[in-house]
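**Q** If it helps, the file is called my_file.tsv and holds TSV, C-alpha atoms:
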chain	number	residue	atom	x	y	z
S	19	MET	CA	-29.48	-8.55	-14.47
S	20	GLY	CA	-29.99	-5.96	-11.73
S	21	PRO	CA	-31.33	-2.46	-12.15
S	22	ILE	CA	-29.69	-0.48	-14.94
S	23	LEU	CA	-29.37	3.27	-14.66
S	24	HIS	CA	-29.18	5.18	-17.91
S	25	ASP	CA	-27.05	8.33	-17.68
S	26	LEU	CA	-28.79	10.63	-20.13
S	27	ALA	CA	-26.24	13.44	-20.16
S	28	ALA	CA	-23.02	14.39	-18.39
S	29	GLY	CA	-24.79	13.53	-15.18
S	30	THR	CA	-28.41	12.59	-15.83
S	31	LEU	CA	-30.61	9.66	-14.95
S	32	GLY	CA	-34.26	8.74	-14.63
S	33	PHE	CA	-36.03	8.04	-11.35
S	34	VAL	CA	-39.39	7.99	-9.59
S	35	SER	CA	-39.71	8.75	-5.93
S	36	GLU	CA	-41.36	5.51	-4.76
S	37	ASP	CA	-40.12	2.12	-6.08
S	38	PRO	CA	-38.01	2.80	-9.17
S	39	THR	CA	-37.73	-0.83	-10.21
S	40	SER	CA	-41.37	-1.87	-10.24
S	41	VAL	CA	-43.11	0.60	-12.52
S	42	SER	CA	-43.83	0.24	-16.21
S	43	ASP	CA	-42.39	3.68	-16.81
S	44	SER	CA	-38.96	2.49	-15.76
S	45	PRO	CA	-36.61	5.17	-14.48
S	46	PHE	CA	-33.71	3.13	-15.84
S	47	ARG	CA	-34.72	3.55	-19.49
S	48	SER	CA	-33.56	6.41	-21.68
S	49	GLU	CA	-36.61	6.38	-23.96
S	50	THR	CA	-38.87	9.42	-23.90
S	51	SER	CA	-41.48	9.16	-21.15
S	52	VAL	CA	-43.85	11.27	-19.07
S	53	ARG	CA	-40.86	12.11	-16.91
S	54	ASP	CA	-39.55	14.28	-19.73
S	55	ALA	CA	-42.70	16.41	-19.61
S	56	ALA	CA	-42.20	17.24	-15.93
S	57	PRO	CA	-40.27	20.34	-14.85
S	58	GLN	CA	-36.60	19.45	-15.02
S	59	PHE	CA	-34.22	19.90	-12.08
S	60	VAL	CA	-30.50	19.39	-11.55
S	61	LEU	CA	-28.47	18.44	-8.48
S	62	PRO	CA	-25.41	20.71	-8.39
S	63	LEU	CA	-22.12	19.41	-7.03
S	64	VAL	CA	-19.10	21.69	-6.71
S	65	VAL	CA	-15.61	20.31	-6.16
S	66	ARG	CA	-12.96	22.56	-4.69
S	67	ILE	CA	-9.86	22.59	-6.89
S	68	GLU	CA	-7.23	25.05	-5.70
S	69	ARG	CA	-4.30	25.60	-8.07
S	70	ALA	CA	-1.65	24.73	-5.51
S	71	ALA	CA	-3.46	21.81	-3.87
S	72	PRO	CA	-5.88	19.92	-6.10
S	73	PRO	CA	-7.54	16.86	-4.57
S	74	ALA	CA	-6.59	13.33	-5.52
S	75	ARG	CA	-8.85	11.91	-8.21
S	76	THR	CA	-10.06	8.82	-6.33
S	77	ASP	CA	-10.74	10.84	-3.19
S	78	ALA	CA	-12.76	13.35	-5.25
S	79	LEU	CA	-14.86	10.52	-6.73
S	80	GLU	CA	-15.49	8.97	-3.33
S	81	THR	CA	-16.33	12.32	-1.76
S	82	ALA	CA	-18.79	13.14	-4.54
S	83	ALA	CA	-20.52	9.79	-4.05
S	84	ARG	CA	-20.76	10.39	-0.31
S	85	ALA	CA	-22.09	13.91	-0.94
S	86	VAL	CA	-24.97	12.48	-3.01
S	87	LEU	CA	-25.75	9.97	-0.26
S	88	THR	CA	-25.53	12.68	2.39
S	89	ILE	CA	-28.19	14.87	0.80
S	90	LEU	CA	-30.40	11.85	0.10
S	91	GLY	CA	-30.22	10.92	3.78
S	92	ASP	CA	-30.52	14.45	5.18
S	93	GLU	CA	-33.66	15.17	7.21
S	94	ARG	CA	-34.21	18.35	5.18
S	95	SER	CA	-34.73	16.15	2.10
S	96	ALA	CA	-37.56	14.13	3.63
S	97	GLY	CA	-41.15	14.68	4.72
S	98	ASP	CA	-41.83	18.39	5.17
S	99	GLY	CA	-38.16	19.33	5.17
S	100	GLU	CA	-37.08	22.54	3.48
S	101	TRP	CA	-35.49	20.65	0.57
S	102	ALA	CA	-38.07	17.87	0.34
S	103	GLN	CA	-40.23	19.31	-2.44
S	104	ALA	CA	-37.21	20.09	-4.62
S	105	MET	CA	-35.87	16.58	-4.01
S	106	ARG	CA	-39.23	15.04	-4.98
S	107	ASP	CA	-39.51	17.20	-8.10
S	108	TRP	CA	-35.96	16.28	-9.09
S	109	GLN	CA	-36.56	12.57	-8.62
S	110	ASP	CA	-39.91	12.54	-10.42
S	111	ALA	CA	-38.38	13.98	-13.59
S	112	ARG	CA	-35.05	13.07	-15.21
S	113	ILE	CA	-32.45	13.23	-12.49
S	114	ARG	CA	-29.51	15.36	-13.48
S	115	LYS	CA	-26.23	15.81	-11.65
S	116	VAL	CA	-23.71	18.41	-12.79
S	117	VAL	CA	-20.23	18.73	-11.32
S	118	ARG	CA	-18.55	22.14	-11.44
S	119	ARG	CA	-15.26	23.33	-10.01
S	120	ALA	CA	-14.42	26.30	-7.80
S	121	ARG	CA	-11.47	27.82	-5.99
S	122	GLY	CA	-10.73	30.81	-3.80
S	123	ALA	CA	-13.52	33.37	-3.76
S	124	GLU	CA	-15.65	31.16	-6.02
S	125	TRP	CA	-15.60	28.42	-3.40
S	126	ARG	CA	-16.39	30.86	-0.58
S	127	ARG	CA	-19.42	32.15	-2.49
S	128	ALA	CA	-20.57	28.58	-3.13
S	129	GLU	CA	-20.22	27.75	0.56
S	130	ALA	CA	-22.49	30.67	1.43
S	131	LEU	CA	-25.39	29.03	-0.45
S	132	PRO	CA	-27.63	26.41	1.21
S	133	GLY	CA	-26.04	22.99	0.86
S	134	ILE	CA	-23.76	20.44	2.50
S	135	THR	CA	-19.97	20.27	2.27
S	136	VAL	CA	-18.53	16.76	2.45
S	137	THR	CA	-14.82	16.43	3.11
S	138	GLY	CA	-12.59	13.51	2.15
S	139	LYS	CA	-8.88	13.03	2.71
S	140	SER	CA	-7.93	15.76	0.26
S	141	ALA	CA	-11.23	16.59	-1.46
S	142	GLU	CA	-14.06	18.94	-0.60
S	143	VAL	CA	-17.36	18.62	-2.45
S	144	ARG	CA	-20.41	20.74	-1.75
S	145	VAL	CA	-23.80	19.39	-2.79
S	146	PHE	CA	-26.81	21.66	-3.13
S	147	PRO	CA	-30.55	20.96	-3.18
S	148	PRO	CA	-31.88	20.56	-6.73
S	149	VAL	CA	-32.51	23.69	-8.76
S	150	PRO	CA	-34.51	24.19	-11.98
S	151	LEU	CA	-32.52	23.27	-15.06
S	152	ASP	CA	-32.65	26.88	-16.26
S	153	GLY	CA	-32.65	28.46	-12.80
S	154	TRP	CA	-29.16	27.99	-11.37
S	155	PRO	CA	-28.06	30.50	-8.69
S	156	LYS	CA	-25.69	32.91	-10.38
S	157	ASP	CA	-22.78	32.00	-8.09
S	158	LEU	CA	-23.06	28.39	-9.27
S	159	ALA	CA	-24.00	29.08	-12.90
S	160	ARG	CA	-20.77	30.98	-13.46
S	161	LEU	CA	-18.59	28.06	-12.36
S	162	GLN	CA	-16.84	25.97	-14.99
S	163	VAL	CA	-17.74	22.37	-15.79
S	164	SER	CA	-14.47	21.75	-17.64
S	165	GLY	CA	-11.09	21.63	-15.97
S	166	THR	CA	-11.89	18.88	-13.49
S	167	ASP	CA	-9.08	16.57	-14.64
S	168	LEU	CA	-7.38	15.16	-11.55
S	169	ASP	CA	-4.73	12.55	-10.83
S	170	ASP	CA	-3.87	10.16	-8.02
S	171	PRO	CA	-0.38	10.92	-6.66
S	172	GLU	CA	-0.18	7.27	-5.57
S	173	PRO	CA	-2.17	4.23	-6.70
S	174	PRO	CA	-5.23	3.67	-4.48
S	175	VAL	CA	-4.91	0.84	-1.97
S	176	ASP	CA	-7.05	-2.25	-2.46
S	177	ALA	CA	-10.67	-1.75	-1.44
S	178	ASP	CA	-11.97	-3.42	1.70
S	179	PRO	CA	-13.96	-6.43	0.43
S	180	ALA	CA	-16.38	-6.03	3.35
S	181	ALA	CA	-17.25	-2.43	2.44
S	182	PRO	CA	-19.30	-0.90	-0.41
S	183	VAL	CA	-17.29	-0.50	-3.60
S	184	LEU	CA	-18.25	1.41	-6.75
S	185	TRP	CA	-16.44	-0.38	-9.58
S	186	LEU	CA	-15.49	1.73	-12.61
S	187	ASN	CA	-15.32	0.27	-16.11
S	188	PRO	CA	-11.60	-0.36	-16.79
S	189	ASP	CA	-12.03	0.22	-20.53
S	190	LEU	CA	-13.42	3.75	-20.33
S	191	GLY	CA	-11.55	7.02	-19.99
S	192	MET	CA	-13.63	9.63	-18.19
S	193	SER	CA	-12.74	13.07	-16.91
S	194	ALA	CA	-12.86	13.39	-13.14
S	195	GLY	CA	-16.05	15.46	-13.35
S	196	LYS	CA	-17.78	12.84	-15.49
S	197	ALA	CA	-16.60	10.04	-13.22
S	198	MET	CA	-17.76	11.95	-10.12
S	199	ALA	CA	-21.28	12.16	-11.55
S	200	GLN	CA	-21.18	8.47	-12.46
S	201	ALA	CA	-20.00	7.51	-8.97
S	202	GLY	CA	-22.83	9.59	-7.54
S	203	HIS	CA	-25.31	7.74	-9.74
S	204	ALA	CA	-23.99	4.36	-8.60
S	205	ALA	CA	-24.15	5.35	-4.93
S	206	GLN	CA	-27.72	6.51	-5.43
S	207	LEU	CA	-28.67	3.24	-7.09
S	208	ALA	CA	-27.31	1.33	-4.10
S	209	TRP	CA	-29.24	3.62	-1.75
S	210	TRP	CA	-32.51	2.95	-3.58
S	211	LYS	CA	-32.03	-0.81	-3.32
S	212	LEU	CA	-31.31	-0.90	0.41
S	213	SER	CA	-33.91	-1.35	3.13
S	214	GLU	CA	-34.62	1.51	5.55
S	215	GLU	CA	-32.60	-0.30	8.22
S	216	GLU	CA	-29.66	-0.78	5.86
S	217	ARG	CA	-29.80	2.85	4.80
S	218	ALA	CA	-29.80	3.98	8.43
S	219	GLY	CA	-26.78	1.82	9.18
S	220	TRP	CA	-24.84	3.21	6.22
S	221	HIS	CA	-25.82	6.74	7.17
S	222	ASP	CA	-24.81	6.31	10.80
S	223	ALA	CA	-21.43	4.90	9.74
S	224	GLY	CA	-20.72	8.01	7.65
S	225	PHE	CA	-21.31	6.38	4.26
S	226	PRO	CA	-18.04	4.45	3.98
S	227	LEU	CA	-17.32	3.45	0.39
S	228	ALA	CA	-14.53	3.05	-2.11
S	229	VAL	CA	-14.33	3.86	-5.80
S	230	ARG	CA	-11.97	1.62	-7.72
S	231	THR	CA	-11.33	0.63	-11.32
S	232	ALA	CA	-12.32	-2.99	-11.84
S	233	ASP	CA	-9.87	-5.60	-13.04
S	234	PRO	CA	-10.57	-6.06	-16.78
S	235	ALA	CA	-10.95	-9.81	-16.30
S	236	ARG	CA	-13.59	-9.29	-13.61
S	237	TRP	CA	-15.65	-6.59	-15.34
S	238	PRO	CA	-17.91	-8.98	-17.32
S	239	GLU	CA	-18.67	-10.85	-14.09
S	240	LEU	CA	-19.58	-7.59	-12.32
S	241	THR	CA	-21.89	-6.36	-15.08
S	242	GLY	CA	-23.70	-9.69	-15.13
S	243	SER	CA	-23.87	-10.09	-11.36
S	244	GLY	CA	-27.27	-8.54	-10.75
S	245	LEU	CA	-25.74	-5.63	-8.82
S	246	PRO	CA	-26.92	-2.08	-9.69
S	247	LEU	CA	-25.37	-0.94	-12.96
S	248	VAL	CA	-24.99	2.52	-14.49
S	249	ARG	CA	-25.30	2.58	-18.28
S	250	ASP	CA	-24.45	5.76	-20.20
S	251	ALA	CA	-26.57	7.09	-23.05
S	252	GLY	CA	-23.51	8.54	-24.75
S	253	PHE	CA	-24.26	12.26	-24.90
S	254	THR	CA	-20.83	13.19	-23.50
S	255	GLU	CA	-17.37	11.64	-23.56
S	256	ILE	CA	-18.23	7.97	-24.08
S	257	ALA	CA	-20.17	5.76	-26.49
S	258	PRO	CA	-23.91	5.15	-26.08
S	259	GLY	CA	-24.78	2.11	-24.01
S	260	SER	CA	-21.45	2.00	-22.17
S	261	CYS	CA	-21.62	0.46	-18.71
S	262	THR	CA	-19.76	2.85	-16.44
S	263	VAL	CA	-20.09	1.78	-12.80
S	264	VAL	CA	-21.31	-1.22	-10.80
S	265	ALA	CA	-22.50	-0.54	-7.24
S	266	ASP	CA	-21.27	-3.37	-5.02
S	267	HIS	CA	-22.75	-3.06	-1.50
S	268	PRO	CA	-22.42	-5.94	0.99
S	269	ALA	CA	-26.18	-5.95	1.66
S	270	LEU	CA	-26.89	-6.22	-2.08
S	271	ARG	CA	-24.40	-9.07	-2.48
S	272	ARG	CA	-26.41	-11.07	0.07
S	273	GLU	CA	-29.55	-10.65	-2.08
S	274	ARG	CA	-27.97	-12.23	-5.16
Reformat the file's structure so that it appears as structure tokens.
**A**
Amino acid sequence: MGPILHDLAAGTLGFVSEDPTSVSDSPFRSETSVRDAAPQFVLPLVVRIERAAPPARTDALETAARAVLTILGDERSAGDGEWAQAMRDWQDARIRKVVRRARGAEWRRAEALPGITVTGKSAEVRVFPPVPLDGWPKDLARLQVSGTDLDDPEPPVDADPAAPVLWLNPDLGMSAGKAMAQAGHAAQLAWWKLSEEERAGWHDAGFPLAVRTADPARWPELTGSGLPLVRDAGFTEIAPGSCTVVADHPALRRER
């Protein structure tokens, strides 16, 4: 079994900033640990949902996953970068991701705050450096978490088998906002497991990936494959212990 990420809330996981799979205080366990005593931070993600032109669901999920990877790979998040301390604090506690929605003037105010906007085919997602759990900027705090239900106008095409794929559990029904956070978790798990060279290659290619719902017959194989697995603690929407996403990256397949 590969690393298992426990989603502790609507978008929460545990992590340490060095090697998350080799410490006794595992970041992939939901039990209370010293991480809970650390100051808690959250990674805000805002998806643009205009009334007349909402994004397609799958594109929103893929764009959210790429947004998480983009901020992880941004030079401002590393070393002495302006976001580096916040990123370290976030990763040394319980990682939280919260997806909110915005439109019109709300979106313009969100865009004025420090962050990165990632654009898909129809989706726009802005990711912001982590903020204290009780210290959200007011222009983000006022945005709604609910109302992120989205649809795909057409069924997604088959994923490229040579590209990274984040496989969703076919037996779970999740709102788009919940699924966006889960896809972000899975992308982050894949990022942690890659070498520096593999990360650089993915970054330079623009973080290509697909999010698809797994075939029910293949899901048991995926969850037992040794690939990174997101497991939900059941605080919102779905039952405790549910496996939500498997991160299938070509470089990780070669390690199996």
**Q** Would you list the contacts of range 88-103 of chain S as an mmCIF file with C-alpha atoms, in the frame of the given file, taking every protein, DNA or RNA residue within 9 Å and counting only C-alpha atoms, but skipping same-chain residues closer than 5 positions in sequence?
**A**
data_model
loop_
_atom_site.group_PDB
_atom_site.id
_atom_site.type_symbol
_atom_site.label_atom_id
_atom_site.label_comp_id
_atom_site.auth_asym_id
_atom_site.auth_seq_id
_atom_site.Cartn_x
_atom_site.Cartn_y
_atom_site.Cartn_z
ATOM 1 C CA ALA S 83 -20.520 9.790 -4.050
ATOM 2 C CA TRP S 108 -35.960 16.280 -9.090
ATOM 3 C CA GLY S 133 -26.040 22.990 0.860
ATOM 4 C CA ILE S 134 -23.760 20.440 2.500
ATOM 5 C CA VAL S 136 -18.530 16.760 2.450
ATOM 6 C CA VAL S 145 -23.800 19.390 -2.790
ATOM 7 C CA PHE S 146 -26.810 21.660 -3.130
ATOM 8 C CA PRO S 147 -30.550 20.960 -3.180
ATOM 9 C CA PRO S 148 -31.880 20.560 -6.730
ATOM 10 C CA GLN S 206 -27.720 6.510 -5.430
ATOM 11 C CA TRP S 209 -29.240 3.620 -1.750
ATOM 12 C CA ARG S 217 -29.800 2.850 4.800
ATOM 13 C CA ALA S 218 -29.800 3.980 8.430
ATOM 14 C CA HIS S 221 -25.820 6.740 7.170
ATOM 15 C CA GLY S 224 -20.720 8.010 7.650
ATOM 16 C CA PHE S 225 -21.310 6.380 4.260
#
**Q** So, with only C-alpha atoms as the atoms that count, which of S:Pro57, S:Pro73, S:Pro132, S:Pro246 lies closest to Ala194 in chain S?
**A**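 The answer is S:Pro73, which sits nearest to Ala194 in chain S.
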**Q** For Trp154 in chain S, work out the shell of residues within 12 Å, counting only C-alpha atoms and skipping chain neighbours fewer than 6 positions away, then give it as a PyMOL selection string.
**A** chain S and resi 58-63+116+128+131+146-148+160-161
**Q** Restricting the calculation to all atoms listed in the file: of S:Leu240, S:Ala71, S:Ala265, S:Ala85, which residue gets closest to Ala208 in chain S?
**A**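 The closest residue to Ala208 in chain S is S:Ala265.
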**Q** Looking at all atoms listed in the file, which of S:Thr81, S:Thr76, S:Ser243, S:Thr262 is the one that sits closest to Val143 in chain S?
**A** S:Thr81
**Q** Counting all atoms listed in the file, which residue out of S:Leu186, S:Leu212, S:Ala269, S:Leu247 sits closest to Asp233 in chain S?
**A**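 Of all the options, S:Leu186 lies closest to Asp233 in chain S.
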